[in-house]
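With compact mmCIF, C-alpha atoms inside, this is entry.txt:
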```txt
# COMPACT_ATOMS: atom_id res chain seq x y z
CA MET A 1 142.75 109.25 119.52
CA THR A 2 139.03 108.59 119.92
CA GLY A 3 135.97 110.77 120.25
CA ARG A 4 137.40 113.70 118.22
CA ARG A 5 136.51 114.13 114.58
CA ARG A 6 136.85 116.42 111.64
CA THR A 7 133.56 118.02 110.62
CA ARG A 8 131.95 116.74 107.44
CA SER A 9 128.76 117.70 105.66
CA THR A 10 126.09 115.21 104.71
CA PHE A 11 123.61 115.74 101.90
CA LEU A 12 120.33 114.16 100.98
CA PRO A 13 120.46 110.77 99.23
CA GLY A 14 121.03 110.93 95.51
CA LEU A 15 122.73 114.32 95.39
CA LEU A 16 126.32 113.30 96.11
CA THR A 17 128.20 110.08 96.65
CA ARG A 18 129.87 109.43 100.00
CA HIS A 19 133.31 110.22 98.62
CA ALA A 20 132.12 113.54 97.26
CA ARG A 21 130.34 114.35 100.54
CA ASN A 22 133.54 113.83 102.51
CA GLY A 23 135.26 116.62 100.60
CA VAL A 24 132.57 119.31 100.76
CA LEU A 25 131.36 121.40 103.70
CA SER A 26 128.21 123.44 103.14
CA ALA A 27 127.91 126.89 104.63
CA GLY A 28 124.77 125.84 106.51
CA ALA A 29 126.53 122.89 108.11
CA ALA A 30 129.47 125.09 109.07
CA VAL A 31 127.15 127.54 110.84
CA ALA A 32 125.36 124.67 112.58
CA CYS A 33 128.64 123.18 113.80
CA ALA A 34 129.82 126.55 115.09
CA SER A 35 126.59 126.85 117.03
CA LEU A 36 126.98 123.36 118.44
CA LEU A 37 130.50 124.04 119.65
CA ALA A 38 129.22 127.10 121.48
CA GLY A 39 127.61 124.78 124.02
CA CYS A 40 123.90 124.39 123.21
CA GLY A 41 121.80 121.73 124.86
CA VAL A 42 124.23 120.36 127.45
CA VAL A 43 122.58 118.53 130.34
CA PRO A 44 124.24 119.46 133.65
CA GLY A 45 126.14 116.79 135.53
CA THR A 46 127.47 114.88 132.50
CA THR A 47 130.77 114.90 130.68
CA GLY A 48 131.68 113.73 127.21
CA ASP A 49 135.44 114.42 127.01
CA VAL A 50 136.50 111.56 129.25
CA GLY A 51 139.89 110.70 127.76
CA ASP A 52 141.56 109.69 124.52
CA ASP A 53 141.14 105.98 125.26
CA THR A 54 137.36 106.29 125.68
CA ILE A 55 134.71 106.07 122.98
CA THR A 56 131.65 108.22 123.63
CA VAL A 57 128.23 107.40 122.16
CA MET A 58 124.68 108.44 123.00
CA THR A 59 121.38 106.58 123.37
CA TRP A 60 118.13 108.53 123.68
CA ALA A 61 114.46 107.67 124.20
CA PRO A 62 111.33 109.23 125.71
CA GLN A 63 110.72 108.63 129.41
CA ASP A 64 108.09 109.77 131.93
CA THR A 65 105.66 111.05 129.30
CA LYS A 66 101.92 110.57 128.75
CA ALA A 67 102.50 108.80 125.43
CA THR A 68 105.06 106.17 124.34
CA ASN A 69 107.95 105.60 126.77
CA LYS A 70 111.08 103.50 126.19
CA PRO A 71 113.14 103.74 129.40
CA GLY A 72 114.61 100.28 128.82
CA MET A 73 116.64 101.47 125.84
CA PRO A 74 118.97 103.95 127.60
CA ALA A 75 118.99 101.73 130.70
CA PHE A 76 120.15 98.74 128.66
CA ALA A 77 122.73 100.88 126.83
CA GLN A 78 124.32 101.79 130.17
CA ALA A 79 124.23 98.15 131.27
CA TYR A 80 125.92 97.19 128.00
CA ALA A 81 128.68 99.73 128.65
CA ARG A 82 129.27 98.31 132.13
CA TRP A 83 129.41 94.81 130.66
CA ILE A 84 131.77 95.65 127.81
CA ASN A 85 134.04 97.73 130.08
CA ALA A 86 134.22 94.93 132.65
CA ALA A 87 135.74 92.81 129.86
CA GLY A 88 138.31 95.45 128.94
CA GLY A 89 136.29 97.59 126.53
CA ILE A 90 136.29 97.40 122.74
CA ASN A 91 139.83 96.90 121.42
CA GLY A 92 141.01 98.08 124.82
CA ARG A 93 138.97 101.30 124.65
CA LYS A 94 136.39 102.07 127.32
CA LEU A 95 132.83 102.77 126.20
CA ASN A 96 131.13 105.89 127.59
CA VAL A 97 127.34 105.94 127.04
CA LEU A 98 125.53 109.26 127.35
CA THR A 99 121.74 109.09 127.65
CA CYS A 100 119.09 111.67 126.85
CA ASN A 101 115.32 111.96 127.34
CA ASP A 102 113.57 113.42 124.31
CA HIS A 103 110.26 113.62 126.26
CA ASN A 104 108.33 112.89 123.05
CA ASP A 105 109.01 116.50 122.15
CA SER A 106 110.59 117.93 119.02
CA VAL A 107 112.54 120.63 120.88
CA ASP A 108 114.01 118.14 123.34
CA ALA A 109 114.84 115.70 120.53
CA ALA A 110 116.86 118.46 118.85
CA LYS A 111 118.58 119.22 122.17
CA CYS A 112 119.63 115.57 122.48
CA ALA A 113 121.25 115.69 119.05
CA ARG A 114 123.02 118.98 119.80
CA ARG A 115 124.33 117.51 123.04
CA ALA A 116 125.66 114.47 121.16
CA ALA A 117 127.64 116.82 118.93
CA LYS A 118 128.76 119.01 121.83
CA GLU A 119 130.12 116.02 123.75
CA ASN A 120 131.90 114.47 120.76
CA ALA A 121 129.74 111.36 120.45
CA VAL A 122 130.99 109.19 117.60
CA ALA A 123 127.50 107.70 117.07
CA VAL A 124 123.95 107.66 118.37
CA VAL A 125 123.18 104.00 119.01
CA GLY A 126 119.90 102.14 119.63
CA SER A 127 117.56 105.09 120.12
CA TYR A 128 113.87 106.00 119.82
CA SER A 129 112.31 109.30 118.78
CA GLN A 130 109.33 110.33 116.68
CA TYR A 131 111.03 113.62 115.80
CA ALA A 132 113.61 112.75 113.19
CA ASP A 133 113.01 116.02 111.36
CA SER A 134 114.19 117.80 114.50
CA PHE A 135 117.27 115.74 115.38
CA PHE A 136 118.68 114.62 112.02
CA PRO A 137 119.78 118.10 110.85
CA SER A 138 122.11 118.40 113.84
CA LEU A 139 123.44 114.85 113.42
CA GLU A 140 123.98 115.33 109.69
CA GLY A 141 125.63 118.70 110.21
CA ALA A 142 128.09 117.13 112.66
CA GLY A 143 128.50 113.92 110.64
CA ILE A 144 127.28 111.65 113.48
CA PRO A 145 125.91 108.26 112.36
CA TYR A 146 122.56 107.07 113.74
CA ILE A 147 122.85 103.31 114.23
CA GLY A 148 119.82 101.17 115.00
CA GLY A 149 117.04 103.68 115.47
CA TYR A 150 113.72 102.14 116.50
CA GLY A 151 112.27 102.55 113.02
CA ILE A 152 109.20 104.76 113.36
CA THR A 153 110.10 107.69 111.09
CA ASN A 154 110.65 108.04 107.39
CA ALA A 155 113.98 109.83 107.89
CA GLU A 156 115.43 106.70 109.49
CA VAL A 157 115.21 104.92 106.15
CA THR A 158 116.23 107.92 104.02
CA SER A 159 119.03 109.81 105.78
CA PRO A 160 122.49 108.86 104.49
CA LEU A 161 123.73 108.86 108.09
CA SER A 162 121.07 106.39 109.27
CA TYR A 163 121.99 102.71 109.59
CA PRO A 164 118.77 100.89 110.54
CA VAL A 165 118.98 97.32 111.83
CA ASN A 166 115.34 96.44 111.18
CA GLY A 167 112.64 97.24 108.65
CA GLY A 168 110.91 99.74 110.91
CA GLN A 169 107.21 100.37 110.68
CA PRO A 170 107.20 99.79 106.88
CA ALA A 171 108.13 96.13 107.21
CA LEU A 172 105.97 95.48 110.28
CA LEU A 173 102.82 96.91 108.73
CA ALA A 174 103.40 95.36 105.30
CA GLY A 175 103.99 91.96 106.90
CA LEU A 176 100.91 92.28 109.07
CA GLY A 177 98.76 93.26 106.11
CA SER A 178 99.83 90.15 104.24
CA ALA A 179 98.91 87.99 107.26
CA LEU A 180 95.42 89.56 107.44
CA ALA A 181 94.48 89.00 103.81
CA ASP A 182 91.86 86.40 104.83
CA CYS A 183 90.07 88.84 107.19
CA GLY A 184 86.82 90.60 106.52
CA PRO A 185 86.94 94.42 106.80
CA VAL A 186 90.08 95.75 108.50
CA ALA A 187 90.20 98.87 110.69
CA LEU A 188 93.51 100.51 111.64
CA ILE A 189 93.54 102.68 114.76
CA ARG A 190 96.69 104.76 114.81
CA PRO A 191 98.08 107.98 116.34
CA ASP A 192 97.01 111.28 114.87
CA THR A 193 100.63 112.31 114.36
CA ILE A 194 103.05 112.73 111.47
CA ALA A 195 104.54 109.33 112.25
CA GLY A 196 101.03 107.87 112.40
CA ASP A 197 100.20 109.27 108.96
CA GLN A 198 102.74 106.86 107.47
CA LEU A 199 101.03 103.71 108.77
CA PRO A 200 97.87 103.23 106.59
CA PRO A 201 99.60 102.89 103.19
CA LEU A 202 102.06 100.41 104.68
CA LEU A 203 99.36 98.15 106.12
CA ASP A 204 97.41 98.47 102.88
CA SER A 205 100.42 97.37 100.83
CA GLY A 206 100.32 94.00 102.59
CA LEU A 207 96.54 93.74 102.32
CA LYS A 208 96.72 94.53 98.60
CA ALA A 209 99.41 91.86 98.08
CA GLY A 210 96.93 89.34 99.49
CA GLY A 211 94.06 90.57 97.32
CA HIS A 212 92.33 92.48 100.13
CA ARG A 213 90.87 95.98 99.90
CA ALA A 214 92.34 98.85 101.88
CA SER A 215 91.80 99.25 105.60
CA THR A 216 89.67 101.91 107.25
CA ASP A 217 91.99 104.55 108.71
CA GLN A 218 90.99 105.77 112.19
CA ARG A 219 93.03 108.52 113.80
CA ALA A 220 93.22 108.76 117.60
CA ALA A 221 95.03 110.90 120.14
CA GLU A 222 98.21 109.12 121.17
CA ASP A 223 97.89 110.20 124.82
CA ALA A 224 94.15 109.64 125.41
CA THR A 225 92.92 108.13 128.69
CA GLU A 226 90.09 106.21 126.98
CA TYR A 227 89.13 105.16 123.45
CA ASP A 228 85.45 104.27 123.81
CA GLY A 229 84.42 106.17 120.68
CA GLN A 230 87.23 104.72 118.56
CA ALA A 231 86.47 101.17 119.76
CA GLU A 232 82.79 101.51 118.88
CA ARG A 233 83.60 102.86 115.44
CA ALA A 234 86.15 100.12 114.75
CA LEU A 235 83.61 97.44 115.68
CA ARG A 236 80.90 98.98 113.50
CA THR A 237 83.32 99.21 110.59
CA THR A 238 84.54 95.62 110.81
CA THR A 239 81.20 93.90 111.43
CA ARG A 240 78.71 95.73 109.25
CA GLY A 241 77.64 93.41 106.42
CA ALA A 242 80.77 91.27 106.74
CA THR A 243 80.70 87.58 105.77
CA ASP A 244 84.16 86.92 107.27
CA ASP A 245 85.34 87.99 110.71
CA GLY A 246 86.65 91.52 110.59
CA CYS A 247 90.04 92.50 112.02
CA VAL A 248 90.80 95.44 114.30
CA VAL A 249 94.42 96.62 114.26
CA PRO A 250 95.41 99.04 117.03
CA ALA A 251 98.85 100.60 116.51
CA LEU A 252 98.98 103.09 119.37
CA GLY A 253 102.24 102.14 121.07
CA ASP A 254 101.96 102.37 124.85
CA ARG A 255 98.30 103.35 124.53
CA ASN A 256 97.33 100.01 122.97
CA GLY A 257 96.40 98.70 126.41
CA THR A 258 94.12 101.70 126.99
CA PHE A 259 92.42 101.08 123.65
CA MET A 260 91.97 97.38 124.42
CA ASP A 261 90.26 98.22 127.72
CA SER A 262 87.68 100.23 125.78
CA PHE A 263 87.51 97.61 123.04
CA ARG A 264 86.92 94.74 125.47
CA ARG A 265 83.92 96.53 126.99
CA ALA A 266 82.43 97.49 123.63
CA ARG A 267 82.88 94.18 121.79
CA GLU A 268 80.22 92.39 123.86
CA ASP A 269 77.55 94.13 121.78
CA TYR A 270 79.02 93.14 118.40
CA PRO A 271 79.73 89.97 116.40
CA GLU A 272 83.11 88.27 116.79
CA VAL A 273 86.14 90.09 115.37
CA ARG A 274 89.87 89.35 115.41
CA THR A 275 92.63 91.65 116.59
CA ALA A 276 96.15 92.06 115.29
CA THR A 277 98.99 94.48 115.84
CA VAL A 278 102.73 94.96 115.68
CA LEU A 279 105.36 94.21 118.31
CA GLY A 280 106.17 97.35 120.22
CA SER A 281 102.48 98.01 120.67
CA VAL A 282 102.00 94.59 122.33
CA ASP A 283 104.35 92.26 124.16
CA GLN A 284 103.91 89.37 126.59
CA THR A 285 103.40 91.65 129.59
CA VAL A 286 100.54 93.42 127.80
CA ILE A 287 98.97 90.09 126.84
CA ASP A 288 99.17 88.94 130.46
CA ALA A 289 97.70 92.20 131.75
CA THR A 290 94.71 91.97 129.41
CA GLY A 291 93.67 88.48 130.43
CA GLY A 292 96.08 86.10 128.72
CA ALA A 293 94.25 83.22 127.03
CA SER A 294 90.87 84.74 127.91
CA GLY A 295 91.84 88.24 126.79
CA PRO A 296 91.23 90.12 123.54
CA TYR A 297 94.63 89.23 122.03
CA GLU A 298 94.08 85.46 122.04
CA GLY A 299 94.51 84.28 118.44
CA SER A 300 95.94 87.62 117.32
CA TYR A 301 98.66 87.85 114.72
CA ILE A 302 101.54 90.10 115.74
CA THR A 303 104.45 90.96 113.49
CA GLY A 304 107.89 91.62 114.94
CA TRP A 305 111.36 92.30 113.61
CA TYR A 306 113.14 89.57 115.49
CA PRO A 307 112.67 86.02 116.83
CA VAL A 308 110.45 85.55 119.91
CA ALA A 309 112.03 86.46 123.24
CA SER A 310 112.37 82.80 124.27
CA ASP A 311 114.64 82.07 121.30
CA PRO A 312 118.18 81.06 122.41
CA ARG A 313 119.64 83.63 120.02
CA TRP A 314 118.83 86.21 122.71
CA ASP A 315 121.00 84.50 125.32
CA GLY A 316 123.84 87.02 124.88
CA MET A 317 121.54 89.96 125.58
CA LYS A 318 120.03 88.20 128.57
CA ARG A 319 123.50 87.55 129.97
CA VAL A 320 124.25 91.28 129.87
CA ILE A 321 121.00 92.01 131.72
CA ARG A 322 121.63 89.28 134.28
CA GLU A 323 125.20 90.38 134.98
CA GLN A 324 124.82 94.16 134.85
CA ALA A 325 121.14 95.06 135.33
CA PHE A 326 119.64 92.34 137.49
CA GLY A 327 116.56 93.77 139.19
CA ASP A 328 116.31 96.82 136.92
CA ASN A 329 112.63 96.61 135.99
CA ARG A 330 113.05 99.19 133.24
CA ILE A 331 114.77 96.56 131.11
CA ASP A 332 112.45 93.90 129.67
CA PRO A 333 114.23 91.38 127.40
CA ALA A 334 110.96 90.93 125.48
CA ASP A 335 110.73 94.65 124.66
CA ALA A 336 111.46 95.45 121.02
CA GLY A 337 113.28 98.62 122.05
CA VAL A 338 115.68 96.76 124.32
CA GLN A 339 116.20 94.12 121.62
CA THR A 340 116.92 96.79 119.01
CA THR A 341 119.43 98.45 121.36
CA TRP A 342 121.27 95.14 121.82
CA ILE A 343 121.51 94.65 118.06
CA ALA A 344 122.56 98.26 117.49
CA TYR A 345 125.41 97.93 120.00
CA THR A 346 126.36 94.60 118.42
CA VAL A 347 126.76 96.50 115.14
CA PHE A 348 128.71 99.32 116.77
CA ARG A 349 131.08 96.92 118.49
CA GLN A 350 131.90 95.19 115.19
CA VAL A 351 132.48 98.55 113.52
CA VAL A 352 134.98 99.60 116.20
CA GLU A 353 136.69 96.21 116.08
CA SER A 354 137.06 96.58 112.30
CA LEU A 355 139.00 99.82 112.86
CA GLY A 356 141.67 98.04 114.89
CA ASP A 357 144.10 100.50 116.47
CA GLY A 358 142.98 103.30 114.14
CA GLU A 359 141.06 106.44 115.02
CA VAL A 360 137.49 105.98 116.23
CA SER A 361 135.50 109.05 115.29
CA ALA A 362 132.13 109.83 113.76
CA ASP A 363 133.81 109.94 110.35
CA THR A 364 135.64 106.63 110.65
CA VAL A 365 132.58 104.85 112.03
CA ALA A 366 130.39 106.09 109.18
CA GLU A 367 133.06 105.36 106.58
CA ALA A 368 133.47 101.77 107.81
CA LEU A 369 129.73 101.25 107.43
CA ASP A 370 129.57 103.02 104.05
CA ASP A 371 132.48 100.96 102.71
CA GLY A 372 130.42 97.77 102.91
CA LEU A 373 131.25 96.31 106.30
CA LYS A 374 129.18 93.14 106.81
CA VAL A 375 127.79 92.75 110.32
CA SER A 376 126.56 89.51 111.85
CA THR A 377 123.94 89.62 114.61
CA GLY A 378 123.98 85.95 115.55
CA GLY A 379 120.92 85.15 113.45
CA LEU A 380 118.68 87.78 115.01
CA THR A 381 118.66 89.52 111.63
CA PRO A 382 120.17 88.70 108.25
CA THR A 383 123.79 89.80 107.81
CA LEU A 384 123.58 93.60 107.69
CA ARG A 385 125.35 95.67 105.06
CA TRP A 386 124.48 99.25 104.12
CA GLN A 387 124.90 100.65 100.63
CA PHE A 388 124.25 104.17 99.37
CA GLN A 389 121.11 103.03 97.53
CA ASP A 390 119.53 99.69 98.36
CA LYS A 391 116.73 97.59 96.86
CA LEU A 392 113.93 99.72 98.32
CA ALA A 393 115.30 103.09 97.16
CA SER A 394 112.68 103.18 94.39
CA VAL A 395 109.85 103.47 96.94
CA GLY A 396 111.62 106.00 99.14
CA PHE A 397 113.45 103.71 101.58
CA PRO A 398 117.09 103.83 100.36
CA ARG A 399 118.58 102.90 103.75
CA LEU A 400 116.28 99.98 104.54
CA VAL A 401 118.50 96.90 104.21
CA ASN A 402 116.55 94.43 106.35
CA ALA A 403 112.89 94.05 105.36
CA ASN A 404 112.45 90.77 107.21
CA VAL A 405 109.75 90.30 109.85
CA THR A 406 108.63 87.43 112.03
CA LEU A 407 104.99 86.38 112.29
CA GLN A 408 103.87 85.57 115.82
CA VAL A 409 100.53 84.58 117.31
CA VAL A 410 99.00 84.59 120.77
CA ARG A 411 98.22 80.96 121.57
CA ASP A 412 96.94 79.90 125.00
CA GLY A 413 97.94 83.33 126.26
CA ARG A 414 101.56 83.04 125.10
CA LEU A 415 103.27 84.86 122.27
CA VAL A 416 104.77 82.15 120.05
CA SER A 417 106.05 81.83 116.50
CA ALA A 418 103.27 81.41 113.93
CA ARG A 419 105.66 80.65 111.10
CA LYS A 420 109.21 79.33 111.08
CA GLY A 421 111.89 81.80 110.09
CA PHE A 422 111.56 85.26 108.63
CA VAL A 423 109.11 86.72 106.12
CA ASP A 424 110.76 89.04 103.59
CA THR A 425 108.52 92.04 102.84
CA THR A 426 110.80 93.56 100.18
CA ARG A 427 108.53 92.65 97.24
CA THR A 428 105.43 93.87 99.08
CA LEU A 429 107.03 97.23 99.84
CA GLN A 430 108.31 97.59 96.28
CA ASN A 431 104.70 97.37 95.10
CA ALA A 432 103.33 99.69 97.77
CA ASP A 433 101.50 102.91 96.88
CA ILE A 434 103.49 105.16 99.18
CA ASN A 435 103.71 108.90 98.69
CA TYR A 436 106.00 110.67 101.17
```

Target format structure tokens, applied to this file:
Amino acid sequence: MTGRRRTRSTFLPGLLTRHARNGVLSAGAAVACASLLAGCGVVPGTTGDVGDDTITVMTWAPQDTKATNKPGMPAFAQAYARWINAAGGINGRKLNVLTCNDHNDSVDAAKCARRAAKENAVAVVGSYSQYADSFFPSLEGAGIPYIGGYGITNAEVTSPLSYPVNGGQPALLAGLGSALADCGPVALIRPDTIAGDQLPPLLDSGLKAGGHRASTDQRAAEDATEYDGQAERALRTTTRGATDDGCVVPALGDRNGTFMDSFRRAREDYPEVRTATVLGSVDQTVIDATGGASGPYEGSYITGWYPVASDPRWDGMKRVIREQAFGDNRIDPADAGVQTTWIAYTVFRQVVESLGDGEVSADTVAEALDDGLKVSTGGLTPTLRWQFQDKLASVGFPRLVNANVTLQVVRDGRLVSARKGFVDTTRTLQNADINY
């Protein structure tokens, strides 16, 4: 039987081992599960109980909002299900992908998680949300593993039911800081949100590793229509009295392009500065839209989690898009969200295959991962293996098992590799001054 599960309680890291957790059900979790089974948060027109030979999962992301949108993630998840089902499913079981729009809203994020529990999802796979504090309680109460979240919240690297496939914002910012150690003054422009509050110490950990002083932290509204004031301030900060070119680092997600419009107008009145950012805030389409080789990103360092989109290791993902989503302009193979979703489903598929003809449930999926299953992603990441406490537990990231990043640069208007292979940020993060 698949899709059904026994309820288990999950506690915060460090309080109980997995084996102890499996045998204990807290009163709070029991109440939460009873509430979930009553039918909260169901989106009309969808079904989760589709048969004993079907495995149900969920993928969620914000869509149609004024801030960051990731429509390619649920769209690719559905394309993946069509592709895998056309080949007979996973171990002969069909894959049913539910999708949910969290609208960049904490209430809707919680509704998505409650719906996953209501519809007997065995995992949430390849998803994006800034509101982990809203959705993780429901997932943990129902024992549903969260595989391959985008990596923008602290809970994704702390929850015992989170299985991240990349180093999230910690690795990206630490890696970028290390690459900018030869800059003059550095200004970070980031969202004035809880998730944004986590970014400055991470960038500074990389800067510090390279002997550079801390960046200037500039908060900005994540849904603004212009950033003229922030651009002017960043330019003043990075050029005043500097002997080396300063560096401006926007990390505003989908609003990076809006910031760069303001920045491009303002920079004419200031000395030369460099720009740098992280993948997810910038991709090739953004570089093209801002002028390519003559635009503000030319020469910029950009850190990513994975190889560049032109790398042949992405051929499997591109085949799925070509065969099952040709013409769907929501799905960009260069988008870090789509790439993360491909890797997350690669992990999930190997987990299910490891279970053979046995039960596929939230419990058995999580137990397979907790018991040390090693997952290969075809070289897109190191071999992934989750342990209860990993190397970065001492700095508050017990679930972060892949701290590798790639360093890319915009050269002649194209995003290309700046350094061969991966850069491991584990040591940098271990020395970071992070207080969460």

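Take the candidates A:Ala132, A:Met317, A:Val124, A:Leu139 and check each one against Glu156 of chain A using all atoms listed in the file; the shortest distance goes to A:Ala132.
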
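You will find atom CA of Ala309 of chain A at 25.4 Å from atom CA of Met58 of chain A.
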
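Comparing the minimum interatomic distances between Glu367 of chain A and each of A:Ile55, A:Val249, A:Ile144, A:Ala344, counting only C-alpha atoms, we find that A:Ile144 sits nearest.
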
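The neighbours of Leu98 of chain A here are the residues that come within 10 Å of it, using all atoms listed in the file and leaving out any residue fewer than 4 positions away in the same chain; they are Thr46, Thr47, Gly48, Thr56, Val57, Met58, Thr59, Trp60, Pro74, Ala77, Gln78, Cys112, Arg115, Ala116, Glu119, Ala121 and Val124 of chain A.
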
- Using all atoms listed in the file, which residues sit within 10 Å of Thr237 of chain A once same-chain residues fewer than 3 positions away are excluded, as an MDAnalysis selection string? chainID A and resid 185:187 215:216 231:234 240:242 246:248

Set out as JSON lines a contact list for segment 96-169 of chain A and segment 322-343 of chain A with a cut-off of 12 Å, giving each residue of segment 96-169 of chain A that qualifies its closest atom pair and distance in Å to one decimal, counting all atoms listed in the file, ordered by chain and rising residue number.
```
{"residue": "A:Val124", "atom": "CA", "partner": "A:Thr341", "partner_atom": "CA", "distance": 10.7}
{"residue": "A:Val125", "atom": "CA", "partner": "A:Thr341", "partner_atom": "CA", "distance": 7.1}
{"residue": "A:Gly126", "atom": "CA", "partner": "A:Thr341", "partner_atom": "CA", "distance": 4.1}
{"residue": "A:Ser127", "atom": "CA", "partner": "A:Thr341", "partner_atom": "CA", "distance": 7.0}
{"residue": "A:Tyr128", "atom": "CA", "partner": "A:Gly337", "partner_atom": "CA", "distance": 7.7}
{"residue": "A:Ser129", "atom": "CA", "partner": "A:Gly337", "partner_atom": "CA", "distance": 11.2}
{"residue": "A:Tyr146", "atom": "CA", "partner": "A:Thr341", "partner_atom": "CA", "distance": 11.9}
{"residue": "A:Ile147", "atom": "CA", "partner": "A:Thr341", "partner_atom": "CA", "distance": 9.3}
{"residue": "A:Gly148", "atom": "CA", "partner": "A:Thr340", "partner_atom": "CA", "distance": 6.6}
{"residue": "A:Gly149", "atom": "CA", "partner": "A:Thr340", "partner_atom": "CA", "distance": 7.7}
{"residue": "A:Tyr150", "atom": "CA", "partner": "A:Gly337", "partner_atom": "CA", "distance": 6.6}
{"residue": "A:Gly151", "atom": "CA", "partner": "A:Thr340", "partner_atom": "CA", "distance": 9.5}
{"residue": "A:Ile152", "atom": "CA", "partner": "A:Gly337", "partner_atom": "CA", "distance": 11.4}
{"residue": "A:Tyr163", "atom": "CA", "partner": "A:Ile343", "partner_atom": "CA", "distance": 11.7}
{"residue": "A:Pro164", "atom": "CA", "partner": "A:Thr340", "partner_atom": "CA", "distance": 9.6}
{"residue": "A:Val165", "atom": "CA", "partner": "A:Ile343", "partner_atom": "CA", "distance": 7.2}
{"residue": "A:Asn166", "atom": "CA", "partner": "A:Thr340", "partner_atom": "CA", "distance": 8.0}
{"residue": "A:Gly167", "atom": "CA", "partner": "A:Thr340", "partner_atom": "CA", "distance": 11.2}
{"residue": "A:Gly168", "atom": "CA", "partner": "A:Thr340", "partner_atom": "CA", "distance": 10.5}
```

- Task: Determine, counting all atoms listed in the file, which protein, DNA and RNA residues have an atom within 12 Å of an atom of Gly206 of chain A; residues of the same chain fewer than 6 positions away are not included. Present the result as a PyMOL selection string.
- Result: chain A and resi 170-182+186+199-200+212-215+423-433

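The two atoms in question, atom CA of Glu353 of chain A and atom CA of Val365 of chain A, are spaced 10.4 Å apart.
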
- Item | Atom pair atom CA of Ile189 of chain A / atom CA of Asn69 of chain A: separation (Å) | 19.0 Å

- Message: What's around Val278 of chain A at 7 Å? Count all atoms listed in the file, leave out sequence neighbours fewer than 6 positions away in its own chain, and write the answer as an NGL selection string.
- Response: :A and (172 or 251 or 302-304)

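Here the question is which of A:Pro62, A:Ser138, A:Ala87, A:Tyr345 gets nearest to Ala110 of chain A using all atoms listed in the file, and that residue is A:Ser138.
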
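Every protein, DNA or RNA residue with an atom at most 9 Å from Thr346 of chain A, where all atoms listed in the file count and chain neighbours fewer than 4 positions away do not, is listed here: Thr341, Trp342, Gln350, Val351, Val375, Ser376 and Thr377 of chain A.
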
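Comparing the minimum interatomic distances between Arg267 of chain A and each of A:Ser281, A:Ser361, A:Thr290, A:Thr238, counting only C-alpha atoms, we find that A:Thr238 sits nearest.
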
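Comparing A:Asn120, A:Gln230, A:Ser159, A:Gln169 by their smallest distance to Pro137 of chain A, the closest is A:Ser159 (using only C-alpha atoms).
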
For segment 57-65 of chain A of the structure just presented, write N, CA, C and O atoms to a file, as an mmCIF file, in the first residue's frame.
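Listed below is the output, part06.cif:
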```cif
data_model
loop_
_atom_site.group_PDB
_atom_site.id
_atom_site.type_symbol
_atom_site.label_atom_id
_atom_site.label_comp_id
_atom_site.auth_asym_id
_atom_site.auth_seq_id
_atom_site.Cartn_x
_atom_site.Cartn_y
_atom_site.Cartn_z
ATOM 1 N N VAL A 57 2.753 13.069 -3.812
ATOM 2 C CA VAL A 57 3.673 14.048 -3.229
ATOM 3 C C VAL A 57 3.128 15.436 -3.529
ATOM 4 O O VAL A 57 2.170 15.591 -4.288
ATOM 5 N N MET A 58 3.743 16.448 -2.951
ATOM 6 C CA MET A 58 3.340 17.828 -3.229
ATOM 7 C C MET A 58 4.567 18.671 -3.530
ATOM 8 O O MET A 58 5.646 18.458 -2.971
ATOM 9 N N THR A 59 4.384 19.648 -4.431
ATOM 10 C CA THR A 59 5.382 20.681 -4.693
ATOM 11 C C THR A 59 4.690 22.034 -4.607
ATOM 12 O O THR A 59 3.653 22.233 -5.252
ATOM 13 N N TRP A 60 5.238 22.948 -3.814
ATOM 14 C CA TRP A 60 4.616 24.270 -3.712
ATOM 15 C C TRP A 60 5.630 25.372 -4.011
ATOM 16 O O TRP A 60 6.835 25.181 -3.922
ATOM 17 N N ALA A 61 5.097 26.533 -4.375
ATOM 18 C CA ALA A 61 5.923 27.712 -4.657
ATOM 19 C C ALA A 61 4.998 28.914 -4.826
ATOM 20 O O ALA A 61 3.821 28.747 -5.172
ATOM 21 N N PRO A 62 5.513 30.122 -4.614
ATOM 22 C CA PRO A 62 4.685 31.312 -4.844
ATOM 23 C C PRO A 62 4.518 31.593 -6.339
ATOM 24 O O PRO A 62 5.456 31.433 -7.122
ATOM 25 N N GLN A 63 3.325 32.018 -6.712
ATOM 26 C CA GLN A 63 3.029 32.396 -8.092
ATOM 27 C C GLN A 63 2.108 33.607 -8.091
ATOM 28 O O GLN A 63 1.318 33.800 -7.176
ATOM 29 N N ASP A 64 2.252 34.447 -9.116
ATOM 30 C CA ASP A 64 1.353 35.598 -9.326
ATOM 31 C C ASP A 64 1.361 36.555 -8.139
ATOM 32 O O ASP A 64 0.310 37.054 -7.726
ATOM 33 N N THR A 65 2.542 36.808 -7.587
ATOM 34 C CA THR A 65 2.657 37.755 -6.478
ATOM 35 C C THR A 65 3.498 38.954 -6.921
ATOM 36 O O THR A 65 4.097 38.953 -7.997
#
```
